[in-house]
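One file, start23.txt, carrying compact mmCIF, C-alpha atoms and all ligand atoms:
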```txt
# COMPACT_ATOMS: atom_id res chain seq x y z
CA MET A 538 87.52 -42.61 -5.75
CA ALA A 539 87.46 -46.36 -4.99
CA GLU A 540 84.97 -46.12 -2.12
CA ALA A 541 82.43 -44.10 -4.15
CA ALA A 542 82.63 -46.63 -7.04
CA ILE A 543 81.81 -49.52 -4.68
CA GLN A 544 78.70 -47.70 -3.50
CA SER A 545 77.55 -46.65 -6.95
CA GLY A 546 73.88 -47.62 -7.20
CA LEU A 547 74.08 -48.53 -3.49
CA ARG A 548 75.37 -51.93 -4.67
CA GLY A 549 76.22 -54.13 -1.68
CA VAL A 550 75.13 -51.51 0.86
CA VAL A 551 72.99 -53.02 3.63
CA ALA A 552 70.09 -50.59 3.92
CA GLY A 553 67.98 -52.44 6.49
CA THR A 554 66.84 -55.85 7.68
CA THR A 555 64.14 -58.18 6.37
CA SER A 556 62.75 -61.57 7.31
CA LEU A 557 60.91 -61.92 4.00
CA SER A 558 63.54 -63.33 1.69
CA SER A 559 67.24 -64.07 1.33
CA VAL A 560 68.80 -63.50 -2.08
CA GLY A 561 72.07 -65.21 -2.98
CA ALA A 562 72.69 -66.75 0.44
CA GLY A 563 74.80 -69.90 0.06
CA GLY A 564 76.02 -68.60 -3.32
CA ASP A 565 73.00 -68.48 -5.53
CA ASN A 566 69.80 -69.49 -3.79
CA LEU A 567 66.55 -67.64 -3.16
CA ARG A 568 64.38 -68.34 -0.14
CA TYR A 569 61.08 -66.82 0.97
CA ARG A 570 60.97 -66.87 4.79
CA GLY A 571 63.44 -69.78 4.63
CA TYR A 572 61.62 -71.84 1.96
CA ASP A 573 63.47 -72.57 -1.29
CA VAL A 574 61.71 -70.79 -4.14
CA GLU A 575 62.00 -73.91 -6.33
CA ASP A 576 59.92 -75.89 -3.81
CA LEU A 577 57.27 -73.20 -3.67
CA ALA A 578 57.19 -72.93 -7.47
CA SER A 579 56.79 -76.71 -7.87
CA HIS A 580 54.34 -77.48 -5.09
CA ALA A 581 52.43 -74.35 -4.06
CA ILE A 582 49.89 -72.11 -5.73
CA PHE A 583 50.64 -68.37 -5.84
CA GLU A 584 48.17 -67.54 -3.06
CA GLU A 585 50.05 -69.87 -0.66
CA THR A 586 53.20 -67.85 -1.30
CA ALA A 587 51.36 -64.54 -0.96
CA TYR A 588 49.92 -65.73 2.37
CA LEU A 589 53.38 -66.83 3.52
CA LEU A 590 54.82 -63.41 2.71
CA LEU A 591 51.96 -61.32 4.06
CA TYR A 592 50.97 -63.36 7.10
CA GLY A 593 54.24 -65.02 8.11
CA LYS A 594 53.52 -68.74 7.60
CA LEU A 595 52.27 -71.20 5.01
CA PRO A 596 48.49 -71.50 5.33
CA THR A 597 46.74 -74.68 6.44
CA ARG A 598 44.15 -76.14 4.03
CA THR A 599 41.37 -74.32 5.90
CA GLU A 600 43.28 -71.02 5.93
CA LEU A 601 44.10 -71.29 2.23
CA ASP A 602 40.50 -72.06 1.28
CA ALA A 603 39.30 -69.06 3.30
CA TYR A 604 41.97 -66.85 1.70
CA LEU A 605 41.07 -67.97 -1.83
CA TYR A 606 37.40 -67.35 -1.08
CA LYS A 607 38.15 -63.88 0.28
CA LEU A 608 40.29 -62.87 -2.71
CA ARG A 609 37.75 -64.23 -5.19
CA GLY A 610 35.09 -62.09 -3.50
CA MET A 611 37.06 -58.93 -4.41
CA ARG A 612 37.52 -59.60 -8.14
CA GLU A 613 34.76 -57.31 -9.35
CA LEU A 614 35.87 -53.72 -9.80
CA PRO A 615 33.92 -50.66 -8.62
CA ALA A 616 32.04 -48.84 -11.41
CA ALA A 617 34.10 -45.64 -10.99
CA LEU A 618 37.32 -47.59 -11.57
CA LYS A 619 35.91 -49.31 -14.66
CA ASP A 620 34.95 -45.86 -15.93
CA VAL A 621 38.53 -44.63 -15.55
CA LEU A 622 39.94 -47.78 -17.18
CA GLU A 623 37.66 -47.29 -20.18
CA ARG A 624 39.07 -43.78 -20.68
CA ILE A 625 42.70 -44.91 -20.84
CA PRO A 626 43.82 -44.99 -24.50
CA GLY A 627 44.31 -48.40 -26.10
CA ASP A 628 47.94 -47.72 -26.98
CA THR A 629 48.89 -47.06 -23.34
CA HIS A 630 51.45 -49.41 -21.84
CA PRO A 631 49.57 -51.74 -19.46
CA MET A 632 52.00 -50.90 -16.63
CA ASP A 633 50.64 -47.35 -16.81
CA VAL A 634 47.15 -48.82 -16.61
CA LEU A 635 48.05 -50.65 -13.41
CA ARG A 636 49.74 -47.54 -12.00
CA THR A 637 46.63 -45.43 -12.69
CA GLY A 638 44.25 -48.18 -11.56
CA CYS A 639 46.11 -48.63 -8.29
CA SER A 640 46.04 -44.90 -7.63
CA MET A 641 42.32 -44.68 -8.47
CA LEU A 642 41.50 -47.62 -6.21
CA GLY A 643 43.17 -45.67 -3.41
CA THR A 644 40.61 -42.89 -3.85
CA LEU A 645 37.68 -45.33 -3.72
CA TYR A 646 38.82 -47.49 -0.78
CA PRO A 647 41.42 -45.29 0.96
CA GLU A 648 43.58 -46.74 3.70
CA ARG A 649 42.32 -44.67 6.61
CA SER A 650 44.66 -46.22 9.16
CA PHE A 651 47.43 -48.80 9.24
CA ALA A 652 44.93 -51.16 10.93
CA GLU A 653 43.47 -51.56 7.42
CA GLN A 654 46.75 -52.55 5.76
CA ASP A 655 45.96 -56.26 5.40
CA ALA A 656 42.58 -55.51 3.86
CA VAL A 657 44.20 -53.07 1.40
CA ALA A 658 46.95 -55.55 0.48
CA ASP A 659 44.39 -58.27 -0.21
CA ARG A 660 42.25 -55.87 -2.23
CA LEU A 661 45.23 -54.93 -4.38
CA LEU A 662 46.17 -58.58 -4.87
CA ALA A 663 42.64 -59.33 -6.04
CA SER A 664 42.13 -56.14 -8.08
CA LEU A 665 45.27 -55.74 -10.20
CA PRO A 666 44.54 -58.80 -12.41
CA SER A 667 40.97 -57.59 -12.89
CA MET A 668 42.10 -54.05 -13.83
CA LEU A 669 44.53 -55.38 -16.40
CA GLY A 670 42.00 -57.81 -17.88
CA TYR A 671 39.12 -55.32 -17.89
CA TRP A 672 41.12 -52.59 -19.65
CA TYR A 673 42.66 -55.06 -22.13
CA ARG A 674 39.39 -56.62 -23.20
CA PHE A 675 37.60 -53.25 -23.37
CA THR A 676 40.23 -51.46 -25.43
CA LYS A 677 41.16 -54.38 -27.69
CA PHE A 678 37.76 -56.02 -28.23
CA GLY A 679 35.20 -53.46 -26.99
CA GLU A 680 33.96 -55.97 -24.39
CA ARG A 681 32.82 -54.99 -20.89
CA ILE A 682 33.72 -58.25 -19.19
CA ALA A 683 32.87 -59.67 -15.78
CA THR A 684 36.20 -59.97 -14.00
CA ALA A 685 34.86 -62.38 -11.37
CA THR A 686 35.69 -65.48 -13.43
CA PRO A 687 35.01 -69.03 -12.16
CA ASP A 688 38.76 -69.71 -11.78
CA ALA A 689 39.82 -70.75 -8.28
CA THR A 690 43.14 -68.88 -8.34
CA ILE A 691 44.61 -65.59 -9.57
CA ALA A 692 46.82 -67.52 -12.02
CA GLY A 693 43.76 -69.09 -13.62
CA GLN A 694 41.78 -65.84 -13.62
CA VAL A 695 44.47 -63.64 -15.12
CA THR A 696 45.34 -66.18 -17.81
CA ARG A 697 41.70 -66.47 -18.83
CA LEU A 698 41.33 -62.66 -18.94
CA LEU A 699 44.47 -62.19 -21.04
CA THR A 700 44.01 -65.10 -23.45
CA GLY A 701 40.21 -65.11 -23.64
CA ARG A 702 39.95 -68.83 -22.80
CA GLU A 703 40.16 -71.20 -19.88
CA PRO A 704 43.81 -72.17 -19.38
CA SER A 705 44.84 -75.81 -19.73
CA GLU A 706 46.03 -77.44 -16.51
CA GLU A 707 49.62 -77.26 -17.77
CA ILE A 708 49.44 -73.53 -18.51
CA ARG A 709 47.69 -72.76 -15.23
CA ARG A 710 50.41 -74.67 -13.39
CA PHE A 711 53.06 -72.68 -15.23
CA MET A 712 51.33 -69.41 -14.35
CA GLU A 713 51.23 -70.40 -10.63
CA ALA A 714 54.97 -71.05 -10.84
CA SER A 715 55.71 -67.78 -12.66
CA LEU A 716 53.79 -65.67 -10.14
CA THR A 717 55.50 -67.50 -7.29
CA LEU A 718 58.96 -66.93 -8.79
CA TYR A 719 58.26 -63.23 -9.25
CA ALA A 720 56.60 -62.66 -5.84
CA GLU A 721 59.51 -61.42 -3.75
CA HIS A 722 63.16 -60.41 -4.01
CA GLU A 723 64.46 -58.49 -0.99
CA PHE A 724 65.57 -54.86 -1.59
CA ASN A 725 65.24 -54.74 -5.39
CA ALA A 726 64.54 -51.31 -6.93
CA SER A 727 60.73 -51.45 -6.85
CA THR A 728 60.53 -52.89 -3.33
CA PHE A 729 63.02 -50.34 -2.07
CA THR A 730 60.87 -47.64 -3.69
CA ALA A 731 57.86 -48.99 -1.82
CA ARG A 732 59.81 -49.00 1.45
CA VAL A 733 61.08 -45.45 0.94
CA ILE A 734 57.49 -44.27 0.47
CA ALA A 735 56.31 -46.38 3.42
CA GLY A 736 59.07 -44.79 5.51
CA THR A 737 57.32 -41.42 5.26
CA LEU A 738 54.21 -43.08 6.81
CA SER A 739 52.31 -42.63 3.55
CA ASP A 740 49.41 -44.90 2.59
CA LEU A 741 49.81 -48.32 1.01
CA TYR A 742 48.38 -47.33 -2.39
CA SER A 743 51.02 -44.59 -2.73
CA CYS A 744 53.76 -47.12 -1.92
CA VAL A 745 52.48 -49.61 -4.51
CA THR A 746 51.85 -46.93 -7.17
CA GLY A 747 55.48 -45.83 -6.83
CA ALA A 748 56.70 -49.42 -6.92
CA ILE A 749 54.80 -50.09 -10.16
CA GLY A 750 56.58 -47.11 -11.70
CA ALA A 751 59.97 -48.45 -10.61
CA LEU A 752 59.27 -51.97 -11.87
CA ARG A 753 58.32 -50.71 -15.32
CA GLY A 754 61.86 -49.76 -16.42
CA PRO A 755 63.86 -52.12 -18.69
CA LEU A 756 66.70 -52.47 -16.17
CA HIS A 757 64.18 -54.05 -13.76
CA GLY A 758 60.84 -55.76 -14.55
CA GLY A 759 60.58 -54.30 -18.04
CA ALA A 760 63.47 -56.57 -19.08
CA ASN A 761 61.13 -59.53 -19.78
CA GLU A 762 59.35 -57.59 -22.52
CA ALA A 763 62.63 -56.26 -23.93
CA ALA A 764 64.04 -59.82 -23.99
CA MET A 765 61.01 -61.03 -25.98
CA GLU A 766 61.31 -58.16 -28.44
CA LEU A 767 64.88 -59.26 -29.09
CA ILE A 768 64.30 -63.03 -29.29
CA GLU A 769 61.29 -62.87 -31.60
CA GLN A 770 63.33 -61.16 -34.32
CA PHE A 771 65.04 -64.45 -35.16
CA ARG A 772 64.12 -67.86 -36.55
CA GLU A 773 67.60 -69.36 -36.58
CA PRO A 774 70.14 -69.52 -33.73
CA ASP A 775 72.92 -68.31 -36.08
CA GLU A 776 70.99 -65.15 -36.95
CA ALA A 777 70.53 -64.41 -33.25
CA VAL A 778 74.21 -64.95 -32.50
CA ALA A 779 75.30 -62.54 -35.25
CA ALA A 780 72.81 -59.84 -34.18
CA VAL A 781 73.62 -60.10 -30.47
CA LYS A 782 77.35 -60.02 -31.19
CA ALA A 783 76.78 -56.78 -33.11
CA LYS A 784 74.77 -55.40 -30.19
CA LEU A 785 77.60 -56.16 -27.78
CA ALA A 786 80.09 -54.58 -30.17
CA ARG A 787 77.97 -51.41 -30.00
CA LYS A 788 78.18 -51.68 -26.16
CA GLU A 789 74.43 -52.17 -25.88
CA LYS A 790 72.97 -54.14 -23.00
CA VAL A 791 71.11 -57.35 -23.70
CA MET A 792 68.03 -57.32 -21.49
CA GLY A 793 67.45 -60.43 -19.38
CA PHE A 794 71.15 -60.91 -18.57
CA GLY A 795 73.18 -60.05 -15.50
CA HIS A 796 72.09 -59.32 -11.97
CA ALA A 797 72.90 -56.83 -9.24
CA VAL A 798 73.16 -59.55 -6.54
CA TYR A 799 73.57 -63.04 -8.05
CA LYS A 800 77.01 -63.66 -9.38
CA GLN A 801 76.75 -67.19 -10.91
CA ARG A 802 73.13 -67.86 -11.70
CA ASP A 803 69.61 -66.67 -10.96
CA PRO A 804 67.87 -69.73 -9.47
CA ARG A 805 64.50 -68.62 -10.87
CA ASN A 806 65.87 -68.80 -14.37
CA ASP A 807 66.38 -72.58 -14.21
CA VAL A 808 62.69 -73.05 -13.45
CA PHE A 809 61.60 -70.60 -16.15
CA LYS A 810 63.92 -72.25 -18.67
CA GLU A 811 62.42 -75.69 -18.06
CA TRP A 812 58.93 -74.26 -18.50
CA SER A 813 59.99 -72.52 -21.69
CA ARG A 814 61.48 -75.76 -23.06
CA ARG A 815 58.29 -77.65 -22.14
CA LEU A 816 55.82 -75.13 -23.54
CA ALA A 817 57.87 -74.67 -26.75
CA LYS A 818 56.94 -78.24 -27.72
CA GLY A 819 53.33 -77.31 -28.37
CA ALA A 820 54.02 -73.91 -29.97
CA ALA A 821 54.05 -72.99 -33.66
CA ASP A 822 57.12 -70.83 -33.08
CA GLY A 823 58.88 -73.28 -30.75
CA TYR A 824 62.08 -72.49 -32.67
CA LEU A 825 62.35 -69.45 -30.38
CA PHE A 826 63.58 -71.77 -27.63
CA PRO A 827 66.79 -72.82 -29.47
CA VAL A 828 67.18 -69.16 -30.49
CA SER A 829 67.12 -68.23 -26.76
CA GLU A 830 69.62 -70.95 -25.92
CA ALA A 831 71.99 -69.63 -28.59
CA ILE A 832 71.78 -66.11 -27.08
CA GLU A 833 72.39 -67.58 -23.60
CA GLN A 834 75.51 -69.41 -24.80
CA LEU A 835 76.85 -66.35 -26.58
CA MET A 836 76.37 -64.15 -23.50
CA ARG A 837 78.26 -66.71 -21.40
CA ASP A 838 81.10 -66.98 -23.92
CA GLU A 839 81.46 -63.29 -24.68
CA LYS A 840 80.48 -61.55 -21.43
CA ARG A 841 80.39 -64.27 -18.76
CA LEU A 842 76.82 -63.17 -18.07
CA PHE A 843 73.96 -65.53 -17.20
CA PRO A 844 70.24 -65.14 -17.86
CA ASN A 845 68.21 -63.62 -15.04
CA ALA A 846 64.58 -64.43 -14.22
CA ASP A 847 63.36 -62.23 -17.05
CA PHE A 848 65.03 -64.02 -19.96
CA TYR A 849 63.38 -67.45 -20.25
CA CYS A 850 60.26 -66.10 -18.58
CA ALA A 851 59.75 -64.13 -21.79
CA THR A 852 59.46 -67.12 -24.14
CA ALA A 853 57.60 -69.16 -21.52
CA TYR A 854 54.89 -66.46 -21.26
CA HIS A 855 54.87 -66.16 -25.06
CA PHE A 856 54.38 -69.93 -25.54
CA ALA A 857 51.60 -69.75 -22.92
CA GLY A 858 49.74 -67.35 -25.23
CA ILE A 859 50.38 -64.13 -23.31
CA ALA A 860 50.93 -60.94 -25.35
CA THR A 861 54.34 -59.32 -24.74
CA PRO A 862 53.07 -56.02 -23.18
CA MET A 863 51.42 -58.11 -20.44
CA PHE A 864 54.71 -59.64 -19.21
CA THR A 865 55.76 -56.86 -16.84
CA PRO A 866 52.19 -56.36 -15.56
CA LEU A 867 52.17 -60.08 -14.62
CA PHE A 868 55.40 -59.47 -12.72
CA ALA A 869 53.64 -56.59 -10.89
CA ILE A 870 50.59 -58.75 -10.12
CA ALA A 871 52.94 -61.22 -8.41
CA ARG A 872 55.28 -58.70 -6.77
CA VAL A 873 52.44 -56.78 -5.10
CA SER A 874 52.53 -59.58 -2.51
CA GLY A 875 56.20 -58.89 -1.74
CA TRP A 876 55.75 -55.10 -1.87
CA CYS A 877 52.89 -55.18 0.63
CA ALA A 878 54.77 -57.56 2.95
CA HIS A 879 57.76 -55.17 2.88
CA ILE A 880 55.52 -52.16 3.55
CA LYS A 881 54.15 -53.96 6.63
CA GLU A 882 57.69 -54.82 7.74
CA GLN A 883 58.87 -51.22 7.24
CA ARG A 884 55.95 -49.85 9.22
CA ALA A 885 56.48 -52.31 12.07
CA ASP A 886 59.91 -50.77 12.83
CA ASN A 887 59.90 -47.53 10.90
CA LYS A 888 62.67 -45.03 10.38
CA LEU A 889 62.42 -42.40 7.64
CA ILE A 890 64.79 -43.47 4.83
CA ARG A 891 66.99 -40.52 4.04
CA PRO A 892 70.55 -41.23 2.87
CA ALA A 893 73.21 -38.57 2.41
CA ALA A 894 74.69 -37.24 -0.83
CA GLU A 895 78.21 -36.02 -1.46
CA TYR A 896 77.91 -32.52 -2.95
CA VAL A 897 79.88 -32.23 -6.22
CA GLY A 898 78.46 -28.93 -7.57
CA PRO A 899 80.17 -25.51 -7.66
CA ASP A 900 81.40 -23.99 -4.44
CA HIS A 901 79.80 -20.79 -3.11
CA VAL A 902 78.84 -18.34 -5.92
CA ASN A 903 77.61 -14.79 -5.56
CA PHE A 904 74.05 -14.08 -6.64
CA ILE A 905 73.77 -12.24 -9.99
CA PRO A 906 70.67 -10.03 -10.37
CA LEU A 907 68.41 -10.99 -13.31
CA GLU A 908 69.26 -7.90 -15.44
CA ARG A 909 73.00 -8.63 -15.26
CA ARG A 910 72.86 -12.34 -16.34
C1 LIG B 1001 63.88 -59.41 -12.25
C2 LIG B 1001 64.88 -58.37 -12.49
O1 LIG B 1001 64.63 -57.22 -12.34
S1 LIG B 1001 66.41 -58.95 -12.92
C3 LIG B 1001 67.19 -57.61 -13.77
C4 LIG B 1001 66.53 -57.36 -15.09
N1 LIG B 1001 67.29 -56.36 -15.87
C5 LIG B 1001 67.97 -56.69 -16.99
O2 LIG B 1001 67.98 -57.81 -17.45
C6 LIG B 1001 68.67 -55.53 -17.66
C7 LIG B 1001 70.04 -55.93 -18.19
N2 LIG B 1001 70.98 -56.11 -17.12
C8 LIG B 1001 71.59 -55.04 -16.53
O3 LIG B 1001 71.42 -53.88 -16.91
C9 LIG B 1001 72.52 -55.32 -15.35
O4 LIG B 1001 73.04 -56.62 -15.44
C10 LIG B 1001 71.80 -55.13 -14.01
C11 LIG B 1001 71.30 -53.68 -13.89
C12 LIG B 1001 70.61 -56.07 -13.88
C13 LIG B 1001 72.76 -55.44 -12.89
O5 LIG B 1001 73.69 -54.47 -12.83
P1 LIG B 1001 75.20 -54.64 -12.26
O6 LIG B 1001 75.53 -56.00 -11.89
O7 LIG B 1001 75.35 -53.62 -11.24
O8 LIG B 1001 76.04 -54.39 -13.50
P2 LIG B 1001 76.27 -53.08 -14.36
O9 LIG B 1001 75.02 -52.62 -15.02
O10 LIG B 1001 77.01 -52.08 -13.56
O11 LIG B 1001 77.24 -53.73 -15.44
C14 LIG B 1001 78.56 -54.23 -15.17
C15 LIG B 1001 79.23 -54.53 -16.49
O12 LIG B 1001 78.58 -55.63 -17.13
C16 LIG B 1001 77.95 -55.22 -18.33
N3 LIG B 1001 76.62 -55.78 -18.36
C17 LIG B 1001 75.80 -56.03 -17.30
N4 LIG B 1001 74.64 -56.53 -17.74
C18 LIG B 1001 74.74 -56.58 -19.07
C19 LIG B 1001 73.85 -57.00 -20.08
N5 LIG B 1001 72.63 -57.45 -19.76
N6 LIG B 1001 74.24 -56.92 -21.37
C20 LIG B 1001 75.49 -56.48 -21.69
N7 LIG B 1001 76.36 -56.06 -20.77
C21 LIG B 1001 75.99 -56.12 -19.49
C22 LIG B 1001 77.86 -53.71 -18.26
O13 LIG B 1001 77.82 -53.10 -19.51
C23 LIG B 1001 79.11 -53.37 -17.47
O14 LIG B 1001 80.21 -53.45 -18.35
P3 LIG B 1001 81.47 -52.46 -18.18
O15 LIG B 1001 82.04 -52.77 -16.83
O16 LIG B 1001 82.32 -52.82 -19.33
O17 LIG B 1001 80.90 -51.07 -18.24
O1 LIG B 1002 66.74 -58.06 -7.06
C1 LIG B 1002 66.87 -57.32 -8.06
O2 LIG B 1002 67.71 -56.42 -8.15
C2 LIG B 1002 66.01 -57.52 -9.25
C3 LIG B 1002 65.28 -58.82 -9.25
O3 LIG B 1002 65.81 -59.84 -9.61
C4 LIG B 1002 63.90 -58.82 -8.78
O4 LIG B 1002 63.39 -57.80 -8.32
O5 LIG B 1002 63.26 -59.88 -8.87
```

Rewrite the structure from the file as structure tokens, please.
Amino acid sequence: MAEAAIQSGLRGVVAGTTSLSSVGAGGDNLRYRGYDVEDLASHAIFEETAYLLLYGKLPTRTELDAYLYKLRGMRELPAALKDVLERIPGDTHPMDVLRTGCSMLGTLYPERSFAEQDAVADRLLASLPSMLGYWYRFTKFGERIATATPDATIAGQVTRLLTGREPSEEIRRFMEASLTLYAEHEFNASTFTARVIAGTLSDLYSCVTGAIGALRGPLHGGANEAAMELIEQFREPDEAVAAVKAKLARKEKVMGFGHAVYKQRDPRNDVFKEWSRRLAKGAADGYLFPVSEAIEQLMRDEKRLFPNADFYCATAYHFAGIATPMFTPLFAIARVSGWCAHIKEQRADNKLIRPAAEYVGPDHVNFIPLERR
């Protein structure tokens, strides 16, 4: 049925309004509250973008300084949360660590009323990088680290926690850009999950815990890790082309390509690609950049598909010294700003989200008693 096919996956269905971002307006651009994402990624730090999303305007110098100070003050984790993190096995995927950590934090600092929503959002913004870093360094190196690092921003802090050293200015700048690019994207799957949970008037931690679960999948945020796992198999562009051709022949998806909304290009990808090209220059395995370009060209030629934000982000994070399983958690650390802004927006004009389903099961059947089945 033509109509049902159009609505498959709710593609193109307008499910509500938002003033947080516009995706694909004017063809292929992305704006946060009207600001081009490229401008924010070039000129702003991540906390400026988070403030814009959560509080409705770009902060002044004084407001930004106060916000940075406030977030820095929440970087240490409560002892009970560190205890839980230490019990999570070392081979757990770090997205599961964030999901558990977020849920645990909600038991220690519960949101008792919606009047506390800004405080909870800020606490989550400040705590997720610390949870990831604390668990990583404890399980991998047996260290019980102080998560309140001297870094001024989340980008600096999380990079230091994940790489074990102070980031260079170039890498810190890249991390600011990456978090900014990942911060918000309208009614994507994880944000919609958060809004569905918010629509029941549940607490903010439940909304974000659900959103982390939705982001984890390879068709959404998990695609950046899957893209890296593909790219790093090759040293030569020709090898990559042959292997990806074979993948397409088997009708397999190539993660990091295609998009549910953009039809020509994902504007975030251009920024990630330039960072990947730049950071490849100082990397021992910089050959992965031409490998990525060969895959990009092949996907255009064979499938008319373009890279989305997750494709060049993968090699850019890799060249920045970040381990692959940390890619999607970094996406979550950024997107928590957008999720919380959407939760606030949903609550401000709430209606329970409850679509209808067309029943396609058997018609009425008579009950058969257990002994006669
Ligand atoms: C930040 C983000 O979350 S961006 C998205 C990250 N996800 C990925 O990169 C996963 C790979 N990409 C995909 O699965 C899809 O492109 C999606 C889910 C992102 C978008 O989905 P849609 O635009 O609705 O496309 P859909 O999945 O229905 O595919 C349409 C056709 O293109 C093909 N296609 C779409 N993406 C890809 C891909 N990455 N590799 C190979 N083929 C693809 C499909 O197989 C399908 O072909 P068919 O019509 O012959 O069956
Ligand atoms: O909008 C989407 O469907 C996925 C996406 O790019 C994002 O969440 O950043």

**Asked** Neighbours of A:Phe864 within 12 Å (all atoms listed in the file; same-chain residues fewer than 5 positions away dropped), as number ranges by chain?
**Response** A: 630-632, 669, 695-696, 699, 712, 715-716, 719, 752-753, 755, 758-766, 847-855, 857-859, 869-871

Quick one: write out the picked residues with C-alpha atoms as a compact mmCIF listing (two decimals), in the frame of the given file?
```txt
# COMPACT_ATOMS: atom_id res chain seq x y z
CA HIS A 630 51.45 -49.41 -21.84
CA PRO A 631 49.57 -51.74 -19.46
CA MET A 632 52.00 -50.90 -16.63
CA LEU A 669 44.53 -55.38 -16.40
CA VAL A 695 44.47 -63.64 -15.12
CA THR A 696 45.34 -66.18 -17.81
CA LEU A 699 44.47 -62.19 -21.04
CA MET A 712 51.33 -69.41 -14.35
CA SER A 715 55.71 -67.78 -12.66
CA LEU A 716 53.79 -65.67 -10.14
CA TYR A 719 58.26 -63.23 -9.25
CA LEU A 752 59.27 -51.97 -11.87
CA ARG A 753 58.32 -50.71 -15.32
CA PRO A 755 63.86 -52.12 -18.69
CA GLY A 758 60.84 -55.76 -14.55
CA GLY A 759 60.58 -54.30 -18.04
CA ALA A 760 63.47 -56.57 -19.08
CA ASN A 761 61.13 -59.53 -19.78
CA GLU A 762 59.35 -57.59 -22.52
CA ALA A 763 62.63 -56.26 -23.93
CA ALA A 764 64.04 -59.82 -23.99
CA MET A 765 61.01 -61.03 -25.98
CA GLU A 766 61.31 -58.16 -28.44
CA ASP A 847 63.36 -62.23 -17.05
CA PHE A 848 65.03 -64.02 -19.96
CA TYR A 849 63.38 -67.45 -20.25
CA CYS A 850 60.26 -66.10 -18.58
CA ALA A 851 59.75 -64.13 -21.79
CA THR A 852 59.46 -67.12 -24.14
CA ALA A 853 57.60 -69.16 -21.52
CA TYR A 854 54.89 -66.46 -21.26
CA HIS A 855 54.87 -66.16 -25.06
CA ALA A 857 51.60 -69.75 -22.92
CA GLY A 858 49.74 -67.35 -25.23
CA ILE A 859 50.38 -64.13 -23.31
CA ALA A 869 53.64 -56.59 -10.89
CA ILE A 870 50.59 -58.75 -10.12
CA ALA A 871 52.94 -61.22 -8.41
```

Taking all atoms listed in the file into account, list the residues no farther than 10 Å from ligand LIG 1002 (chain B), as JSON, numbers by chain. {"A": [548, 560, 561, 718, 719, 720, 721, 722, 723, 724, 725, 726, 727, 728, 729, 752, 756, 757, 758, 793, 795, 796, 797, 798, 799, 803, 805, 845, 846, 847, 868, 872, 875]}

Using all atoms listed in the file, determine which residues lie at most 9 Å from A:Phe856, disregarding the query and same-chain residues fewer than 6 positions distant; provide the list as a short mmCIF file (atom, residue, chain, number, x, y, z; two decimals) with C-alpha atoms, in the frame of the given file.
```cif
data_model
loop_
_atom_site.label_atom_id
_atom_site.label_comp_id
_atom_site.auth_asym_id
_atom_site.auth_seq_id
_atom_site.Cartn_x
_atom_site.Cartn_y
_atom_site.Cartn_z
CA SER A 813 59.99 -72.52 -21.69
CA LEU A 816 55.82 -75.13 -23.54
CA ALA A 817 57.87 -74.67 -26.75
CA LYS A 818 56.94 -78.24 -27.72
CA GLY A 819 53.33 -77.31 -28.37
CA ALA A 820 54.02 -73.91 -29.97
CA ALA A 821 54.05 -72.99 -33.66
CA ASP A 822 57.12 -70.83 -33.08
CA GLY A 823 58.88 -73.28 -30.75
#
```

Do you know which residues are at most 8 Å from A:Ala878 counting only C-alpha atoms, after dropping those on the same chain fewer than 6 positions away, and could you put them as a list of chain:residue names? A:Leu557, A:Leu590, A:Leu591

- Task: Name all residues at most 7 Å from A:Ala663 (count all atoms listed in the file; drop same-chain ones fewer than 3 positions away) and give them as a ChimeraX atom specification.
- Result: /A:608-609,611-612,659-660,666

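Across A:Ser743, A:Gln801, A:Thr644, A:Thr684, the tightest approach to ligand LIG 1001 (chain B) is made by A:Gln801 when counting only C-alpha atoms and all ligand atoms.
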
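The gap separating atom CA of A:Lys790 from atom C22 of ligand LIG 1001 (chain B) is 6.8 Å, in Å to one decimal.
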
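With all atoms listed in the file as the basis for measurement, A:Gln544 is the residue among A:Gly736, A:Ile880, A:Thr637, A:Gln544 that approaches ligand LIG 1001 (chain B) most closely.
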
Shortest contact to ligand LIG 1001 (chain B), candidates A:Leu547, A:Leu614, A:Leu825, A:Ile691, atoms counted all atoms listed in the file, goes to A:Leu547

Which residues, written as a PyMOL selection string, have at least one atom at most 9 Å from stretch 828-830 of chain A, with all atoms listed in the file counted and residues fewer than 3 positions away on the same chain left out? chain A and resi 768-769+771-778+824-825+833-835+848-849+852

Within 9 Å of file point (44.5, -55.7, -14.5), counting only C-alpha atoms, expressed as a PyMOL selection string = chain A and resi 631+634-635+638+664-673+695+698+866-867+870

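Between atom C14 of ligand LIG 1001 (chain B) and atom CA of A:Lys840 lies a distance of 9.8 Å.
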
Of A:Ala552, A:Ala780, A:Leu842, A:Leu767, the one nearest to A:Arg802 when counting all atoms listed in the file is A:Leu842

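Distance-wise, atom CA of A:Gln883 and atom CA of A:Asp740 end up 12.3 Å apart.
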
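The nearest approach to ligand LIG 1001 (chain B) among the residues A:Ile708, A:Ala714, A:Ala751, A:Ala894, with only C-alpha atoms and all ligand atoms taken into account, belongs to A:Ala751.
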
For A:Glu811, the closest of A:Thr861, A:Ser705, A:Ser579, A:Ser559 counting all atoms listed in the file is A:Ser579
